[in-house]
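Worksheet for the structure shown next.
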Amino acid sequence: MTGTWIGSGEGFVNGSPREGLRERLVIREPVGRAFAGTAEWRVADGPWSKPETIHGTIETDGEVLVIDGDGFLIGRLDGDEMELSYLEHGRVGGGADYAIDYQLKRIE
């Protein structure tokens, strides 16, 4: 599970469709089935966001559960590929509502 995972996604932000989104997860600290690392995102070829701390678990059936500062990633691990859905309720802290599906691959 450790390493760098990068992929693309599409979904909705505040009810508007979004495509060309990119996600990068760097998982550095495994402890059993739990882990810590960072997440970044960008639109198309724009600059990466500031890294955000993440914590998560991988269940024995491959389900992946991750939390960051304001949202959740829920998905499934299959070898060097991961499908994750990002959900964030923007009314907490005055941000945006997100529902984005990402397809990630481990690159290192």
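Lettering and numbering for the structure tokens are positional, with chains as A, B, ... in the shown order, residues counted from 1 in each chain, and ligands counted from 1 in the shown order.
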**Report entry** Who sits within 12 Å of Val64 (chain A), only C-alpha atoms, same chain under 5 positions skipped, as JSON, numbers by chain
**Finding:** {"A": [1, 33, 34, 35, 55, 56, 57, 58, 59, 72, 73, 74, 75, 76, 77, 78, 81, 82, 83, 84, 85, 86]}
Please produce an output containing N, CA and C atoms for each residue in the selection, written as a PDB file, in the first residue's frame.
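Final file, result39.pdb:
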ATOM      1  N   MET A   1       0.821  -1.196   0.000  1.00  0.00           N
ATOM      2  CA  MET A   1       0.000   0.000   0.000  1.00  0.00           C
ATOM      3  C   MET A   1       0.864   1.258   0.000  1.00  0.00           C
ATOM      4  N   ARG A  33      -2.945  -2.518   9.223  1.00  0.00           N
ATOM      5  CA  ARG A  33      -3.792  -2.161   8.076  1.00  0.00           C
ATOM      6  C   ARG A  33      -4.115  -0.670   8.047  1.00  0.00           C
ATOM      7  N   ALA A  34      -3.557   0.102   8.949  1.00  0.00           N
ATOM      8  CA  ALA A  34      -3.769   1.554   8.963  1.00  0.00           C
ATOM      9  C   ALA A  34      -2.558   2.238   8.310  1.00  0.00           C
ATOM     10  N   PHE A  35      -2.761   3.486   7.879  1.00  0.00           N
ATOM     11  CA  PHE A  35      -1.675   4.209   7.249  1.00  0.00           C
ATOM     12  C   PHE A  35      -1.879   5.714   7.387  1.00  0.00           C
ATOM     13  N   HIS A  55      -5.271  10.017   6.869  1.00  0.00           N
ATOM     14  CA  HIS A  55      -5.166   8.803   7.679  1.00  0.00           C
ATOM     15  C   HIS A  55      -6.200   7.831   7.143  1.00  0.00           C
ATOM     16  N   GLY A  56      -5.845   6.556   7.099  1.00  0.00           N
ATOM     17  CA  GLY A  56      -6.800   5.611   6.556  1.00  0.00           C
ATOM     18  C   GLY A  56      -6.559   4.191   7.014  1.00  0.00           C
ATOM     19  N   THR A  57      -7.440   3.322   6.527  1.00  0.00           N
ATOM     20  CA  THR A  57      -7.337   1.889   6.792  1.00  0.00           C
ATOM     21  C   THR A  57      -7.648   1.136   5.511  1.00  0.00           C
ATOM     22  N   ILE A  58      -7.107  -0.072   5.430  1.00  0.00           N
ATOM     23  CA  ILE A  58      -7.475  -0.983   4.357  1.00  0.00           C
ATOM     24  C   ILE A  58      -8.016  -2.241   5.014  1.00  0.00           C
ATOM     25  N   GLU A  59      -9.242  -2.571   4.676  1.00  0.00           N
ATOM     26  CA  GLU A  59      -9.898  -3.732   5.274  1.00  0.00           C
ATOM     27  C   GLU A  59      -9.424  -5.016   4.585  1.00  0.00           C
ATOM     28  N   PHE A  72     -13.841  12.647   2.951  1.00  0.00           N
ATOM     29  CA  PHE A  72     -13.579  11.212   3.030  1.00  0.00           C
ATOM     30  C   PHE A  72     -13.279  10.668   1.644  1.00  0.00           C
ATOM     31  N   LEU A  73     -12.413   9.664   1.578  1.00  0.00           N
ATOM     32  CA  LEU A  73     -12.206   8.851   0.390  1.00  0.00           C
ATOM     33  C   LEU A  73     -12.627   7.438   0.747  1.00  0.00           C
ATOM     34  N   ILE A  74     -13.483   6.856  -0.082  1.00  0.00           N
ATOM     35  CA  ILE A  74     -13.983   5.503   0.154  1.00  0.00           C
ATOM     36  C   ILE A  74     -13.807   4.736  -1.141  1.00  0.00           C
ATOM     37  N   GLY A  75     -13.220   3.541  -1.070  1.00  0.00           N
ATOM     38  CA  GLY A  75     -13.040   2.801  -2.312  1.00  0.00           C
ATOM     39  C   GLY A  75     -12.496   1.413  -2.111  1.00  0.00           C
ATOM     40  N   ARG A  76     -11.786   0.946  -3.152  1.00  0.00           N
ATOM     41  CA  ARG A  76     -11.307  -0.426  -3.171  1.00  0.00           C
ATOM     42  C   ARG A  76      -9.913  -0.479  -3.774  1.00  0.00           C
ATOM     43  N   LEU A  77      -9.065  -1.310  -3.169  1.00  0.00           N
ATOM     44  CA  LEU A  77      -7.700  -1.558  -3.628  1.00  0.00           C
ATOM     45  C   LEU A  77      -7.683  -2.884  -4.378  1.00  0.00           C
ATOM     46  N   ASP A  78      -7.036  -2.891  -5.556  1.00  0.00           N
ATOM     47  CA  ASP A  78      -6.888  -4.111  -6.351  1.00  0.00           C
ATOM     48  C   ASP A  78      -5.466  -4.113  -6.918  1.00  0.00           C
ATOM     49  N   GLU A  81      -3.801  -0.838  -8.305  1.00  0.00           N
ATOM     50  CA  GLU A  81      -4.852   0.081  -8.732  1.00  0.00           C
ATOM     51  C   GLU A  81      -5.835   0.299  -7.584  1.00  0.00           C
ATOM     52  N   MET A  82      -6.373   1.523  -7.541  1.00  0.00           N
ATOM     53  CA  MET A  82      -7.318   1.875  -6.496  1.00  0.00           C
ATOM     54  C   MET A  82      -8.415   2.737  -7.117  1.00  0.00           C
ATOM     55  N   GLU A  83      -9.654   2.438  -6.797  1.00  0.00           N
ATOM     56  CA  GLU A  83     -10.765   3.311  -7.159  1.00  0.00           C
ATOM     57  C   GLU A  83     -11.267   3.943  -5.871  1.00  0.00           C
ATOM     58  N   LEU A  84     -11.320   5.278  -5.858  1.00  0.00           N
ATOM     59  CA  LEU A  84     -11.727   6.001  -4.656  1.00  0.00           C
ATOM     60  C   LEU A  84     -12.758   7.062  -5.013  1.00  0.00           C
ATOM     61  N   SER A  85     -13.762   7.198  -4.171  1.00  0.00           N
ATOM     62  CA  SER A  85     -14.730   8.287  -4.290  1.00  0.00           C
ATOM     63  C   SER A  85     -14.466   9.277  -3.170  1.00  0.00           C
ATOM     64  N   TYR A  86     -14.311  10.557  -3.550  1.00  0.00           N
ATOM     65  CA  TYR A  86     -14.090  11.606  -2.563  1.00  0.00           C
ATOM     66  C   TYR A  86     -15.411  12.315  -2.295  1.00  0.00           C
TER      67      TYR A  86
END
Report task. Write out as a list in words the residues lying within 6 Å of region 15-22 of chain A, counting only C-alpha atoms and excluding same-chain residues fewer than 2 positions away. Result -> Gly7, Ser8, Gly9, Glu10, Gly11, Phe12, Val13, Trp41, Arg42, Val43 and Ala44 of chain A
Export, as a compact mmCIF listing (two decimals), in the first residue's frame, the selected residues with C-alpha atoms.
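Generated output (part_12.txt):
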# COMPACT_ATOMS: atom_id res chain seq x y z
CA GLY A 7 -4.88 9.16 -11.14
CA SER A 8 -7.68 11.08 -12.75
CA GLY A 9 -11.26 11.71 -11.79
CA GLU A 10 -14.55 13.33 -12.57
CA GLY A 11 -17.63 14.23 -10.62
CA PHE A 12 -19.48 17.22 -9.22
CA VAL A 13 -18.47 20.30 -7.23
CA TRP A 41 -5.21 17.47 -6.20
CA ARG A 42 -5.19 19.65 -9.29
CA VAL A 43 -7.33 20.53 -12.28
CA ALA A 44 -5.90 19.20 -15.57
**Report entry** Of the listed residues A:Glu88, A:Asp101, A:Glu40, A:Glu108, that which approaches Thr53 (chain A) most closely, counting only C-alpha atoms
**Finding:** A:Glu40
At a cut-off of 8 Å, using only C-alpha atoms, what residues contact region 26-28 of chain A? Leave out same-chain residues fewer than 6 positions from it and give the result as an mmCIF file with C-alpha atoms, in the first residue's frame.
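Saved result, out_5.cif, follows:
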data_model
loop_
_atom_site.group_PDB
_atom_site.id
_atom_site.type_symbol
_atom_site.label_atom_id
_atom_site.label_comp_id
_atom_site.auth_asym_id
_atom_site.auth_seq_id
_atom_site.Cartn_x
_atom_site.Cartn_y
_atom_site.Cartn_z
ATOM 1 C CA MET A 1 0.000 0.000 0.000
ATOM 2 C CA THR A 2 2.899 2.396 0.609
ATOM 3 C CA GLY A 3 4.082 4.530 -2.273
ATOM 4 C CA THR A 4 2.809 7.235 -4.589
ATOM 5 C CA TRP A 5 -0.599 6.837 -6.237
ATOM 6 C CA PHE A 35 -1.675 4.209 7.249
ATOM 7 C CA ALA A 36 -0.821 7.924 7.124
ATOM 8 C CA GLY A 37 0.346 10.133 4.296
ATOM 9 C CA THR A 38 -0.610 13.136 2.189
ATOM 10 C CA ALA A 39 -3.103 13.947 -0.575
#
Report task. For each of A:Lys105, A:Leu65, A:Gly46, A:Thr60, take the minimum atom-to-atom distance to Gly32 (chain A), counting only C-alpha atoms, then give the residue where this is smallest. Result ->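 Of A:Lys105, A:Leu65, A:Gly46, A:Thr60, the one nearest Gly32 (chain A), counting only C-alpha atoms, is A:Thr60.
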